[in-house]
$ cat coords_37.json   # JSON, C-alpha atoms
[["chain", "number", "residue", "atom", "x", "y", "z"],
["A", 1, "MET", "CA", 65.40, -246.63, 70.16],
["A", 2, "THR", "CA", 65.43, -250.06, 71.81],
["A", 3, "LYS", "CA", 66.33, -249.93, 75.46],
["A", 4, "PRO", "CA", 69.30, -252.12, 76.52],
["A", 5, "GLY", "CA", 68.38, -255.40, 78.18],
["A", 6, "LEU", "CA", 68.93, -256.30, 81.81],
["A", 7, "PHE", "CA", 72.34, -257.83, 81.12],
["A", 8, "GLU", "CA", 73.48, -255.28, 78.53],
["A", 9, "LEU", "CA", 73.80, -252.32, 80.90],
["A", 10, "GLU", "CA", 77.21, -251.16, 82.10],
["A", 11, "ALA", "CA", 75.92, -250.82, 85.66],
["A", 12, "VAL", "CA", 72.94, -252.01, 87.68],
["A", 13, "VAL", "CA", 71.89, -251.73, 91.31],
["A", 14, "VAL", "CA", 70.98, -254.80, 93.35],
["A", 15, "GLY", "CA", 69.32, -253.78, 96.58],
["A", 16, "GLN", "CA", 66.76, -254.41, 99.26],
["A", 17, "PRO", "CA", 63.55, -252.45, 98.56],
["A", 18, "LYS", "CA", 62.57, -249.76, 101.00],
["A", 19, "ARG", "CA", 60.14, -250.83, 103.70],
["A", 20, "SER", "CA", 58.54, -249.51, 106.85],
["A", 21, "TRP", "CA", 59.93, -250.37, 110.25],
["A", 22, "TRP", "CA", 56.38, -250.60, 111.59],
["A", 23, "ARG", "CA", 54.59, -252.56, 108.89],
["A", 24, "ARG", "CA", 54.98, -256.14, 107.75],
["A", 25, "TYR", "CA", 56.82, -256.26, 104.42],
["A", 26, "SER", "CA", 55.57, -258.65, 101.73],
["A", 27, "GLY", "CA", 57.38, -257.51, 98.58],
["A", 28, "PRO", "CA", 60.41, -258.97, 96.76],
["A", 29, "ASP", "CA", 63.56, -259.66, 98.76],
["A", 30, "LEU", "CA", 65.79, -257.81, 96.29],
["A", 31, "THR", "CA", 65.35, -255.70, 93.19],
["A", 32, "VAL", "CA", 67.67, -255.17, 90.23],
["A", 33, "SER", "CA", 67.36, -251.70, 88.75],
["A", 34, "SER", "CA", 69.17, -249.25, 86.53],
["A", 35, "LEU", "CA", 71.26, -246.47, 88.04],
["A", 36, "GLU", "CA", 68.30, -244.20, 87.39],
["A", 37, "GLY", "CA", 66.10, -246.39, 89.57],
["A", 38, "VAL", "CA", 64.09, -248.11, 86.83],
["A", 39, "PRO", "CA", 63.15, -251.64, 88.08],
["A", 40, "LEU", "CA", 64.48, -254.41, 85.83],
["A", 41, "ALA", "CA", 64.15, -257.63, 87.82],
["A", 42, "LEU", "CA", 62.99, -259.02, 91.15],
["A", 43, "VAL", "CA", 64.56, -261.60, 93.45],
["A", 44, "THR", "CA", 62.40, -263.83, 95.63],
["A", 45, "HIS", "CA", 63.85, -266.19, 98.24],
["A", 46, "ILE", "CA", 61.80, -269.38, 98.32],
["A", 47, "ASP", "CA", 63.80, -271.06, 101.07],
["A", 48, "ASP", "CA", 67.40, -271.52, 102.24],
["A", 49, "THR", "CA", 68.29, -273.40, 99.05],
["A", 50, "LEU", "CA", 66.39, -271.57, 96.31],
["A", 51, "SER", "CA", 65.94, -268.02, 95.03],
["A", 52, "LEU", "CA", 64.24, -266.87, 91.81],
["A", 53, "LEU", "CA", 65.47, -264.02, 89.63],
["A", 54, "THR", "CA", 62.70, -262.82, 87.31],
["A", 55, "GLU", "CA", 62.27, -259.80, 85.08],
["A", 56, "VAL", "CA", 59.65, -257.25, 86.08],
["A", 57, "SER", "CA", 57.50, -258.55, 83.22],
["A", 58, "GLY", "CA", 57.28, -261.84, 85.10],
["A", 59, "GLU", "CA", 59.52, -263.72, 82.67],
["A", 60, "HIS", "CA", 61.69, -266.23, 84.48],
["A", 61, "VAL", "CA", 65.43, -265.56, 84.19],
["A", 62, "VAL", "CA", 67.26, -267.98, 86.48],
["A", 63, "ARG", "CA", 66.86, -270.18, 89.51],
["A", 64, "ILE", "CA", 69.64, -269.65, 92.06],
["A", 65, "GLU", "CA", 70.15, -273.00, 93.77],
["A", 66, "ARG", "CA", 72.30, -273.12, 96.88],
["A", 67, "ARG", "CA", 74.08, -276.37, 97.60],
["A", 68, "ALA", "CA", 75.91, -276.80, 100.87],
["A", 69, "ARG", "CA", 76.70, -279.50, 103.36],
["A", 70, "PHE", "CA", 74.48, -278.99, 106.38],
["A", 71, "GLY", "CA", 75.38, -280.27, 109.82],
["A", 72, "PRO", "CA", 77.70, -279.56, 112.76],
["A", 73, "PHE", "CA", 80.60, -278.63, 110.43],
["A", 74, "GLU", "CA", 78.55, -276.61, 107.97],
["A", 75, "GLN", "CA", 80.61, -273.45, 108.53],
["A", 76, "PHE", "CA", 83.75, -275.22, 107.25],
["A", 77, "ALA", "CA", 82.18, -276.80, 104.15],
["A", 78, "PRO", "CA", 82.28, -275.16, 100.70],
["A", 79, "THR", "CA", 79.10, -273.47, 99.51],
["A", 80, "SER", "CA", 78.13, -273.40, 95.85],
["A", 81, "PHE", "CA", 75.37, -271.63, 93.94],
["A", 82, "HIS", "CA", 74.13, -272.93, 90.60],
["A", 83, "PHE", "CA", 72.26, -270.73, 88.13],
["A", 84, "VAL", "CA", 69.64, -272.63, 86.11],
["A", 85, "ASP", "CA", 67.55, -271.13, 83.31],
["A", 86, "ALA", "CA", 63.92, -271.86, 82.42],
["A", 87, "ALA", "CA", 65.00, -274.74, 80.17],
["A", 88, "GLY", "CA", 66.84, -276.42, 83.03],
["A", 89, "ARG", "CA", 70.32, -275.60, 81.71],
["A", 90, "GLU", "CA", 73.05, -274.52, 84.09],
["A", 91, "VAL", "CA", 74.18, -271.08, 82.91],
["A", 92, "GLY", "CA", 76.74, -270.28, 85.59],
["A", 93, "THR", "CA", 77.96, -271.00, 89.09],
["A", 94, "ALA", "CA", 79.46, -269.21, 92.09],
["A", 95, "GLY", "CA", 81.23, -270.78, 95.03],
["A", 96, "THR", "CA", 83.07, -269.91, 98.20],
["A", 97, "ARG", "CA", 84.83, -271.71, 101.03],
["A", 98, "GLY", "CA", 86.39, -271.01, 104.40],
["A", 99, "LEU", "CA", 85.17, -269.22, 107.48],
["A", 100, "VAL", "CA", 85.01, -265.79, 105.80],
["A", 101, "ARG", "CA", 82.61, -266.67, 102.99],
["A", 102, "THR", "CA", 82.38, -263.11, 101.71],
["A", 103, "ARG", "CA", 86.14, -262.71, 101.13],
["A", 104, "GLN", "CA", 86.06, -264.16, 97.62],
["A", 105, "LEU", "CA", 83.60, -265.82, 95.27],
["A", 106, "SER", "CA", 84.76, -268.03, 92.40],
["A", 107, "LEU", "CA", 82.55, -267.65, 89.34],
["A", 108, "ARG", "CA", 82.18, -269.84, 86.26],
["A", 109, "THR", "CA", 80.15, -268.58, 83.31],
["A", 110, "GLU", "CA", 78.09, -270.61, 80.85],
["A", 111, "GLN", "CA", 81.03, -270.55, 78.41],
["A", 112, "GLY", "CA", 83.41, -271.80, 81.09],
["A", 113, "ARG", "CA", 85.12, -268.47, 81.74],
["A", 114, "ARG", "CA", 86.39, -268.30, 85.33],
["A", 115, "LEU", "CA", 86.18, -265.07, 87.28],
["A", 116, "LEU", "CA", 86.89, -263.96, 90.83],
["A", 117, "LEU", "CA", 84.91, -261.49, 92.90],
["A", 118, "THR", "CA", 87.37, -260.45, 95.61],
["A", 119, "ARG", "CA", 86.84, -258.14, 98.55],
["A", 120, "LEU", "CA", 89.35, -255.32, 98.90],
["A", 121, "GLY", "CA", 90.46, -255.64, 102.51],
["A", 122, "ASN", "CA", 88.91, -257.70, 105.28],
["A", 123, "LEU", "CA", 86.29, -255.07, 106.12],
["A", 124, "GLY", "CA", 86.11, -253.37, 102.74],
["A", 125, "LEU", "CA", 82.88, -252.33, 101.07],
["A", 126, "GLU", "CA", 84.14, -253.04, 97.56],
["A", 127, "TRP", "CA", 84.68, -256.25, 95.61],
["A", 128, "ARG", "CA", 86.80, -256.35, 92.45],
["A", 129, "LEU", "CA", 85.97, -258.60, 89.49],
["A", 130, "THR", "CA", 88.94, -260.19, 87.74],
["A", 131, "GLU", "CA", 89.62, -263.16, 85.52],
["A", 132, "THR", "CA", 91.59, -266.13, 86.81],
["A", 133, "ALA", "CA", 94.69, -267.11, 84.88],
["A", 134, "THR", "CA", 94.68, -270.34, 82.90],
["A", 135, "GLU", "CA", 97.48, -272.86, 83.29],
["A", 136, "THR", "CA", 99.29, -271.50, 80.23],
["A", 137, "GLU", "CA", 98.94, -267.94, 81.46],
["A", 138, "THR", "CA", 100.04, -268.45, 85.04],
["A", 139, "GLY", "CA", 102.93, -266.13, 85.75],
["A", 140, "LYS", "CA", 102.39, -264.26, 82.50],
["A", 141, "GLY", "CA", 99.22, -262.29, 83.28],
["A", 142, "THR", "CA", 95.98, -262.92, 81.42],
["A", 143, "GLY", "CA", 95.92, -259.67, 79.53],
["A", 144, "LYS", "CA", 92.28, -260.31, 78.66],
["A", 145, "GLY", "CA", 90.56, -257.70, 80.77],
["A", 146, "THR", "CA", 89.50, -254.53, 79.05],
["A", 147, "GLY", "CA", 89.53, -252.64, 82.31],
["A", 148, "THR", "CA", 87.02, -250.29, 83.83],
["A", 149, "GLY", "CA", 89.33, -248.15, 85.93],
["A", 150, "THR", "CA", 87.50, -249.41, 88.99],
["A", 151, "GLY", "CA", 90.13, -249.94, 91.61],
["A", 152, "THR", "CA", 92.91, -251.93, 89.97],
["A", 153, "GLY", "CA", 96.01, -251.70, 92.12],
["A", 154, "THR", "CA", 94.24, -250.11, 95.06],
["A", 155, "ASP", "CA", 93.97, -253.23, 97.16],
["A", 156, "PRO", "CA", 96.03, -252.67, 100.29],
["A", 157, "GLU", "CA", 96.72, -256.39, 100.36],
["A", 158, "ASP", "CA", 98.54, -256.29, 97.00],
["A", 159, "SER", "CA", 102.30, -256.74, 97.23],
["A", 160, "PRO", "CA", 105.08, -256.76, 94.62],
["A", 161, "ASP", "CA", 105.97, -260.43, 95.24],
["A", 162, "GLN", "CA", 102.46, -261.55, 94.22],
["A", 163, "GLY", "CA", 103.11, -260.83, 90.55],
["A", 164, "PRO", "CA", 101.07, -258.61, 88.22],
["A", 165, "VAL", "CA", 97.73, -257.38, 89.53],
["A", 166, "PRO", "CA", 94.90, -258.82, 87.38],
["A", 167, "GLU", "CA", 93.09, -256.24, 85.31],
["A", 168, "ALA", "CA", 89.69, -255.33, 86.68],
["A", 169, "LEU", "CA", 86.63, -256.33, 84.66],
["A", 170, "GLY", "CA", 84.28, -254.58, 87.04],
["A", 171, "ARG", "CA", 83.51, -253.91, 90.66],
["A", 172, "VAL", "CA", 80.76, -254.18, 93.25],
["A", 173, "THR", "CA", 80.30, -251.51, 95.91],
["A", 174, "VAL", "CA", 77.95, -251.99, 98.85],
["A", 175, "SER", "CA", 76.33, -249.34, 101.01],
["A", 176, "THR", "CA", 73.64, -249.12, 103.67],
["A", 177, "VAL", "CA", 70.74, -247.07, 102.35],
["A", 178, "ASP", "CA", 68.51, -247.20, 105.44],
["A", 179, "ARG", "CA", 70.34, -247.39, 108.76],
["A", 180, "TRP", "CA", 67.14, -247.88, 110.75],
["A", 181, "VAL", "CA", 66.28, -251.10, 108.94],
["A", 182, "GLY", "CA", 69.82, -251.83, 107.70],
["A", 183, "LEU", "CA", 68.91, -252.15, 104.02],
["A", 184, "GLN", "CA", 71.81, -253.02, 101.72],
["A", 185, "GLN", "CA", 72.47, -251.80, 98.18],
["A", 186, "TYR", "CA", 75.07, -253.11, 95.71],
["A", 187, "VAL", "CA", 76.19, -251.03, 92.74],
["A", 188, "VAL", "CA", 77.46, -253.48, 90.10],
["A", 189, "GLU", "CA", 79.74, -251.91, 87.49],
["A", 190, "LEU", "CA", 80.60, -254.11, 84.50],
["A", 191, "GLY", "CA", 83.23, -253.44, 81.85],
["A", 192, "PRO", "CA", 82.85, -254.02, 78.08],
["A", 193, "GLY", "CA", 84.94, -257.18, 78.35],
["A", 194, "LEU", "CA", 81.88, -259.11, 79.58],
["A", 195, "GLY", "CA", 79.12, -260.53, 77.39],
["A", 196, "ALA", "CA", 75.44, -260.67, 78.33],
["A", 197, "SER", "CA", 75.58, -264.23, 79.69],
["A", 198, "GLU", "CA", 78.68, -263.39, 81.71],
["A", 199, "ARG", "CA", 76.94, -260.35, 83.16],
["A", 200, "LEU", "CA", 74.06, -262.61, 84.17],
["A", 201, "THR", "CA", 76.53, -264.75, 86.13],
["A", 202, "VAL", "CA", 77.98, -261.68, 87.85],
["A", 203, "VAL", "CA", 74.59, -260.19, 88.78],
["A", 204, "ALA", "CA", 73.36, -263.56, 90.08],
["A", 205, "SER", "CA", 76.61, -263.87, 92.07],
["A", 206, "VAL", "CA", 75.93, -260.51, 93.72],
["A", 207, "VAL", "CA", 72.60, -261.94, 94.88],
["A", 208, "CYS", "CA", 74.61, -264.84, 96.33],
["A", 209, "LEU", "CA", 76.98, -262.38, 98.01],
["A", 210, "HIS", "CA", 74.01, -260.72, 99.67],
["A", 211, "LEU", "CA", 72.67, -264.10, 100.83],
["A", 212, "LEU", "CA", 76.05, -264.81, 102.42],
["A", 213, "ARG", "CA", 76.25, -261.39, 104.07],
["A", 214, "ARG", "CA", 72.62, -261.15, 105.11],
["A", 215, "PRO", "CA", 71.06, -264.63, 105.32],
["A", 216, "PRO", "CA", 67.24, -264.49, 105.36],
["A", 217, "GLY", "CA", 66.27, -264.22, 109.00],
["A", 218, "GLY", "CA", 69.92, -263.83, 110.00],
["A", 219, "GLY", "CA", 71.98, -261.08, 111.57],
["A", 220, "GLY", "CA", 73.72, -257.98, 110.28],
["A", 221, "PRO", "CA", 76.07, -257.57, 107.34],
["A", 222, "ALA", "CA", 79.39, -259.41, 107.13]]
$ encode --input "coords_37.json" --output "structure tokens"
Amino acid sequence: MTKPGLFELEAVVVGQPKRSWWRRYSGPDLTVSSLEGVPLALVTHIDDTLSLLTEVSGEHVVRIERRARFGPFEQFAPTSFHFVDAAGREVGTAGTRGLVRTRQLSLRTEQGRRLLLTRLGNLGLEWRLTETATETETGKGTGKGTGTGTGTGTDPEDSPDQGPVPEALGRVTVSTVDRWVGLQQYVVELGPGLGASERLTVVASVVCLHLLRRPPGGGGPA
């Protein structure tokens, strides 16, 4: 039986590999693995503007290019991430703005589908994936999500006057797996309403979320 590909699984784990507090670490910055712990892909940060997501076989998957306005007002400027495949084609984007960059990421897939990865609560450890309404659907509900039963309607910030709660397409849950070193792990659950290329955009966006929460050489989680 053929094993499902990296972006065909219903759930993957994006996390910082274990390392010793006493020894210099020289491995990948992040790994993408199955729930059973089987490594699927590696993430290497080249610099502040570029990260590479490659399969464990060494096959290049995407370049994650960060584009931001640097300077004295950098913290107020929007930040965008562009996902580029080996052929140089843009296969998705993620962006955020405002002082709390980790509150919500706006995603656009290769097919132009627009998704939101929204944190549940200001200090929550879970992000919900939903689809944004198009102009013709505004006020009517998209009705496109297939649902994963992963937290829809549990956001304490939801209120009746905000209209219908978008149906969840998936969720991301973060935890600290090594409190001595502060290693972070993200369980990414994806519903059947997402295709392989859309799952690529979501997984790459979780890498971006980690870069925003734990910048290389920066401080603790946000």
$ closest_residue --input "coords_37.json" --among "A:Arg89, A:Pro78, A:Ala11, A:Lys18" --to "Pro192 (chain A)" --atoms "all atoms listed in the file"
A:Ala11
$ atom_distance --input "coords_37.json" --atom1 "CA of Gly27 (chain A)" --atom2 "CA of Val181 (chain A)"
15.1 Å
$ residues_around --input "coords_37.json" --residues "Glu189 (chain A)" --least-positions-apart "2" --cutoff "10 Å" --atoms "all atoms listed in the file" --output "ChimeraX atom specification"
/A:9-13,128-129,148,150,169-173,186-187,191,199,202-203
$ closest_residue --input "coords_37.json" --among "A:Thr49, A:Thr102, A:Thr109, A:Thr44" --to "Val61 (chain A)" --atoms "all atoms listed in the file"
A:Thr44
$ atom_distance --input "coords_37.json" --atom1 "CA of Arg67 (chain A)" --atom2 "CA of Ala86 (chain A)"
18.8 Å
$ residues_around --input "coords_37.json" --residues "Asp48 (chain A)" --least-positions-apart "6" --cutoff "9 Å" --atoms "only C-alpha atoms" --output "list in words"
Arg66, Pro215 and Pro216 of chain A
$ residues_near_point --input "coords_37.json" --point "(77.8, -272.9, 88.4)" --cutoff "12 Å" --atoms "only C-alpha atoms" --output "ChimeraX atom specification"
/A:62-67,79-85,89-96,105-115,198,200-202,204-205,208
$ closest_residue --input "coords_37.json" --among "A:Leu6, A:Leu50, A:Ala68, A:Leu212" --to "Val38 (chain A)" --atoms "only C-alpha atoms"
A:Leu6
$ atom_distance --input "coords_37.json" --atom1 "CA of Arg213 (chain A)" --atom2 "CA of Asp29 (chain A)"
13.9 Å
$ axis_aligned_box --input "coords_37.json" --around "region 33-46 of chain A" --padding-each-side "6 Å" --output "JSON"
{"center_x": 66.5, "center_y": -256.8, "center_z": 92.1, "size_x": 21.5, "size_y": 37.2, "size_z": 24.5}
$ closest_residue --input "coords_37.json" --among "A:Gly182, A:Gly88, A:Phe7, A:Ala196" --to "Ser34 (chain A)" --atoms "all atoms listed in the file"
A:Phe7
$ residues_around --input "coords_37.json" --residues "Thr31 (chain A)" --least-positions-apart "6" --cutoff "6 Å" --atoms "only C-alpha atoms" --output "MDAnalysis selection string"
chainID A and resid 14:15 41:43
